[in-house]
Amino acid sequence: MNLNLTKILFLNLLMFSTLMTISSMNWLSMWMGLELNLFTIIPILNFKSSIYSMESTMKYFLIQAFASILLLIFLINKSLMFLFNNNMLIIIPFLIKLSFMPFHLWLPSMIEGLNWISCFMMLTWQKISPMIMISYLNFNKNLIFLIMLISMNSILGFNQNSIRKIMALSSINNSSWMLFAILMNENLWIYYFLIYSILNFLIINIFKKFNINYINQLKFFNLNFFFKMNLLMLIFSIMGLPPMMGFFMKWMLIKILIYNKMFLILIILINLTILNLFFYIKMTFFFLFNFNLLNKWFLQNKKNNFNLIFFINFFSMFFMYLFFY
């Protein structure tokens with residue numbers, strides 16, 4: 001992405017709005033930070049303008065504006081202050097912004113029209129402010145645990161062919177893990193979010209470089225052995241399979257749940273996550289169990305040499321253990 005003064009300005013405003021939200025001392029200032037974040041992300045999503053990106057941006061603006069209006073009403077309306085003490089209504093705008101069930105259908109359809117850089121920002125950076133604001137609330141955790149467990153069962157991804165939609169549905173699942181983490185331990189959430197962001201950056205970088213948008217394109221993925229292993233290990237890592245780095249971020253939360261003797265939630269959590277592994281198993285099928293078709297148009301791409309990212313993926317689990325223990 002070629003940066004000019006306008007893009008740098010909006011990116012700085014985006015970072016400032018998030019910092020303003022998470023560092024504010026009152027809810028009205030947090031709401032202002034969310035609004036500033038909304039108005040700065042809109043031009044960023046349209047850096048490479050197209051009819052699809054404009055449609056997705058309009059969807060995103062309407063959904064986020066509706067959630068912001070709900071949040072402002074619950075904060076200002078004096079007749080709802082008794083409900084605000086229980087935090088049963090004020091959490092709804094945050095669930096909409098984070099696309100938790102039953103408010104999750106807007107994210108896959110919206111993210112389909114964005115470019116890969118915008119997808120990365122939607123799946124990572126835009127989760128920070130609502131997550132932090134939810135951690136400030138004092139509510140009945142049993143209800144939010146039920147909402148998070150329901151959000152993990154993203155059965156809509158079973159018949160998806162678009163990689164963007166698969167990433168979005170997987171993001172809903174990982175958002176549930178993040179919300180569990182931030183409710184149990186905020187430091188644990190920071191580790192989870194950093195690892196999740198790194199994995200998304202690495203795998204989205206590959207899809208962007210080779211212009212891969214659908215699963216069927218992976219059968220034409222004529223690359224050398226090491227690069228295929230690189231992509232395969234990234235997929236296994238974001239699936240959460242041991243001994244990859246993606247398993248480590250889930251293992252930290254599993255250990256906390258065991259220490260708190262929340263065994264029923266842990267069993268349901270793991271079982272629902274196993275269902276979501278089917279999303280990524282479909283992605284690995286085409287370039288592992290099918291013969292690749294040789295195409296002249298694909299040979300025009302750049303050569304893919306053995307690079308440092310492969311070593312990062314291969315030894316990531318061991319590095320993380322040495323760093324955190």
# chains A, B, ... in the order shown; residues from 1 in each chain; ligands from 1
call {"tool": "residues_around", "arguments": {"residues": "A:Asn187", "least_positions_apart": "5", "cutoff": "12 Å", "atoms": "only C-alpha atoms", "output": "PDB file with N, CA and C atoms, in the first residue's frame"}}
result
ATOM      1  N   ILE A 132     -12.164  -3.894  25.109  1.00  0.00           N
ATOM      2  CA  ILE A 132     -11.743  -3.188  26.318  1.00  0.00           C
ATOM      3  C   ILE A 132     -12.946  -2.614  27.056  1.00  0.00           C
ATOM      4  N   SER A 135     -14.771  -5.176  29.059  1.00  0.00           N
ATOM      5  CA  SER A 135     -14.060  -5.545  30.286  1.00  0.00           C
ATOM      6  C   SER A 135     -14.337  -4.576  31.427  1.00  0.00           C
ATOM      7  N   MET A 178     -11.358 -14.647  22.803  1.00  0.00           N
ATOM      8  CA  MET A 178     -10.792 -13.400  23.320  1.00  0.00           C
ATOM      9  C   MET A 178     -11.651 -12.819  24.442  1.00  0.00           C
ATOM     10  N   ALA A 181     -11.022 -14.647  27.464  1.00  0.00           N
ATOM     11  CA  ALA A 181      -9.714 -14.292  28.011  1.00  0.00           C
ATOM     12  C   ALA A 181      -9.748 -12.955  28.735  1.00  0.00           C
ATOM     13  N   ILE A 182     -10.432 -11.960  28.154  1.00  0.00           N
ATOM     14  CA  ILE A 182     -10.430 -10.628  28.771  1.00  0.00           C
ATOM     15  C   ILE A 182     -11.271 -10.602  30.035  1.00  0.00           C
ATOM     16  N   TYR A 192      -3.204 -13.301  23.670  1.00  0.00           N
ATOM     17  CA  TYR A 192      -4.063 -13.951  22.669  1.00  0.00           C
ATOM     18  C   TYR A 192      -4.228 -13.050  21.450  1.00  0.00           C
ATOM     19  N   PHE A 193      -4.502 -11.782  21.684  1.00  0.00           N
ATOM     20  CA  PHE A 193      -4.734 -10.862  20.575  1.00  0.00           C
ATOM     21  C   PHE A 193      -3.480 -10.672  19.728  1.00  0.00           C
ATOM     22  N   LEU A 194      -2.325 -10.573  20.356  1.00  0.00           N
ATOM     23  CA  LEU A 194      -1.075 -10.400  19.604  1.00  0.00           C
ATOM     24  C   LEU A 194      -0.779 -11.612  18.733  1.00  0.00           C
ATOM     25  N   MET A 249      -2.075 -19.983  22.207  1.00  0.00           N
ATOM     26  CA  MET A 249      -2.956 -18.929  22.685  1.00  0.00           C
ATOM     27  C   MET A 249      -4.237 -19.520  23.266  1.00  0.00           C
ATOM     28  N   MET A 252      -3.326 -21.251  26.892  1.00  0.00           N
ATOM     29  CA  MET A 252      -3.258 -20.335  28.032  1.00  0.00           C
ATOM     30  C   MET A 252      -4.631 -20.175  28.673  1.00  0.00           C
ATOM     31  N   LEU A 253      -5.668 -20.031  27.844  1.00  0.00           N
ATOM     32  CA  LEU A 253      -7.017 -19.872  28.372  1.00  0.00           C
ATOM     33  C   LEU A 253      -7.542 -21.169  28.961  1.00  0.00           C
ATOM     34  N   ILE A 256      -6.266 -21.514  32.440  1.00  0.00           N
ATOM     35  CA  ILE A 256      -6.959 -20.645  33.390  1.00  0.00           C
ATOM     36  C   ILE A 256      -8.319 -21.235  33.767  1.00  0.00           C
ATOM     37  N   PHE A 324       7.317 -17.054  27.584  1.00  0.00           N
ATOM     38  CA  PHE A 324       6.293 -16.865  28.593  1.00  0.00           C
ATOM     39  C   PHE A 324       6.510 -17.708  29.848  1.00  0.00           C
TER      40      PHE A 324
END
call {"tool": "residues_around", "arguments": {"residues": "A:Lys165", "least_positions_apart": "3", "cutoff": "12 Å", "atoms": "only C-alpha atoms", "output": "PyMOL selection string"}}
result
chain A and resi 104-114+116+119+123+154+156-162+168-172+213-215+279-280
call {"tool": "write_last_selection", "arguments": {"atoms": "N, CA and C atoms", "output": "compact mmCIF listing (two decimals), in the first residue's frame"}}
result
# COMPACT_ATOMS: atom_id res chain seq x y z
N HIS A 104 -24.38 -11.50 14.09
CA HIS A 104 -23.14 -11.83 13.40
C HIS A 104 -23.26 -11.87 11.88
N LEU A 105 -24.46 -11.82 11.31
CA LEU A 105 -24.62 -12.05 9.88
C LEU A 105 -24.06 -10.93 9.02
N TRP A 106 -23.84 -9.75 9.58
CA TRP A 106 -23.35 -8.63 8.77
C TRP A 106 -21.87 -8.76 8.42
N LEU A 107 -21.09 -9.42 9.26
CA LEU A 107 -19.64 -9.45 9.04
C LEU A 107 -19.23 -10.24 7.81
N PRO A 108 -19.69 -11.50 7.60
CA PRO A 108 -19.24 -12.22 6.39
C PRO A 108 -19.65 -11.53 5.09
N SER A 109 -20.86 -11.00 5.03
CA SER A 109 -21.30 -10.34 3.79
C SER A 109 -20.58 -9.02 3.57
N MET A 110 -20.23 -8.34 4.66
CA MET A 110 -19.53 -7.06 4.52
C MET A 110 -18.08 -7.24 4.12
N ILE A 111 -17.42 -8.23 4.70
CA ILE A 111 -15.99 -8.39 4.48
C ILE A 111 -15.69 -8.96 3.09
N GLU A 112 -16.69 -9.51 2.43
CA GLU A 112 -16.49 -10.10 1.11
C GLU A 112 -16.07 -9.07 0.07
N GLY A 113 -16.49 -7.82 0.21
CA GLY A 113 -16.17 -6.81 -0.78
C GLY A 113 -14.93 -6.00 -0.49
N LEU A 114 -14.21 -6.29 0.59
CA LEU A 114 -13.03 -5.52 0.96
C LEU A 114 -11.76 -6.16 0.42
N TRP A 116 -7.64 -7.22 1.00
CA TRP A 116 -7.07 -8.01 2.08
C TRP A 116 -6.55 -7.15 3.22
N CYS A 119 -9.47 -6.23 5.25
CA CYS A 119 -9.92 -7.41 5.99
C CYS A 119 -9.08 -7.62 7.25
N LEU A 123 -10.51 -7.63 11.11
CA LEU A 123 -10.43 -8.83 11.93
C LEU A 123 -9.56 -8.64 13.17
N SER A 154 -20.20 -21.62 14.55
CA SER A 154 -20.44 -20.91 13.29
C SER A 154 -20.66 -21.92 12.17
N LEU A 156 -22.35 -21.67 9.62
CA LEU A 156 -22.50 -21.09 8.29
C LEU A 156 -21.25 -21.30 7.43
N GLY A 157 -20.13 -21.60 8.05
CA GLY A 157 -18.90 -21.76 7.29
C GLY A 157 -18.73 -23.12 6.65
N PHE A 158 -19.63 -24.06 6.92
CA PHE A 158 -19.47 -25.41 6.38
C PHE A 158 -19.58 -25.45 4.87
N ASN A 159 -20.40 -24.59 4.29
CA ASN A 159 -20.61 -24.62 2.84
C ASN A 159 -20.02 -23.38 2.15
N GLN A 160 -19.06 -22.72 2.80
CA GLN A 160 -18.49 -21.52 2.22
C GLN A 160 -17.30 -21.86 1.33
N ASN A 161 -17.21 -21.15 0.21
CA ASN A 161 -16.08 -21.29 -0.70
C ASN A 161 -15.18 -20.07 -0.67
N SER A 162 -15.68 -18.95 -0.20
CA SER A 162 -14.91 -17.72 -0.14
C SER A 162 -13.99 -17.73 1.07
N ALA A 168 -13.75 -14.54 8.24
CA ALA A 168 -14.67 -13.77 9.07
C ALA A 168 -15.37 -14.66 10.10
N LEU A 169 -15.83 -15.84 9.66
CA LEU A 169 -16.50 -16.76 10.58
C LEU A 169 -15.53 -17.31 11.61
N SER A 170 -14.29 -17.54 11.19
CA SER A 170 -13.27 -17.95 12.15
C SER A 170 -12.97 -16.84 13.14
N SER A 171 -13.06 -15.59 12.68
CA SER A 171 -12.84 -14.45 13.58
C SER A 171 -13.92 -14.38 14.65
N ILE A 172 -15.16 -14.73 14.29
CA ILE A 172 -16.23 -14.76 15.29
C ILE A 172 -15.92 -15.79 16.37
N ASN A 213 -8.65 -15.80 -3.54
CA ASN A 213 -9.90 -15.37 -2.93
C ASN A 213 -10.86 -16.51 -2.64
N TYR A 214 -10.70 -17.63 -3.32
CA TYR A 214 -11.62 -18.75 -3.15
C TYR A 214 -10.83 -20.04 -2.96
N ILE A 215 -11.45 -21.01 -2.30
CA ILE A 215 -10.78 -22.27 -1.99
C ILE A 215 -10.39 -23.01 -3.26
N PHE A 279 -13.61 -25.67 8.61
CA PHE A 279 -13.39 -24.55 7.70
C PHE A 279 -12.03 -24.66 7.04
N TYR A 280 -11.01 -24.89 7.87
CA TYR A 280 -9.64 -24.87 7.37
C TYR A 280 -9.21 -26.22 6.80
call {"tool": "atom_distance", "arguments": {"atom1": "atom CA of A:Leu34", "atom2": "atom CA of A:Ile203"}}
result
28.1 Å
call {"tool": "closest_residue", "arguments": {"among": "A:Thr273, A:Thr40, A:Asn174, A:Gln126", "to": "A:Thr6", "atoms": "only C-alpha atoms"}}
result
A:Thr40
call {"tool": "residues_around", "arguments": {"residues": "A:Trp31", "least_positions_apart": "5", "cutoff": "9 Å", "atoms": "only C-alpha atoms", "output": "MDAnalysis selection string"}}
result
chainID A and resid 21 26 36 68 71:72
call {"tool": "select_by_dssp", "arguments": {"residues": "stretch 186-293 of chain A", "states": "helix (DSSP H, G or I)", "output": "PyMOL selection string"}}
result
chain A and resi 186-209+215-220+225-239+245-259+263-288
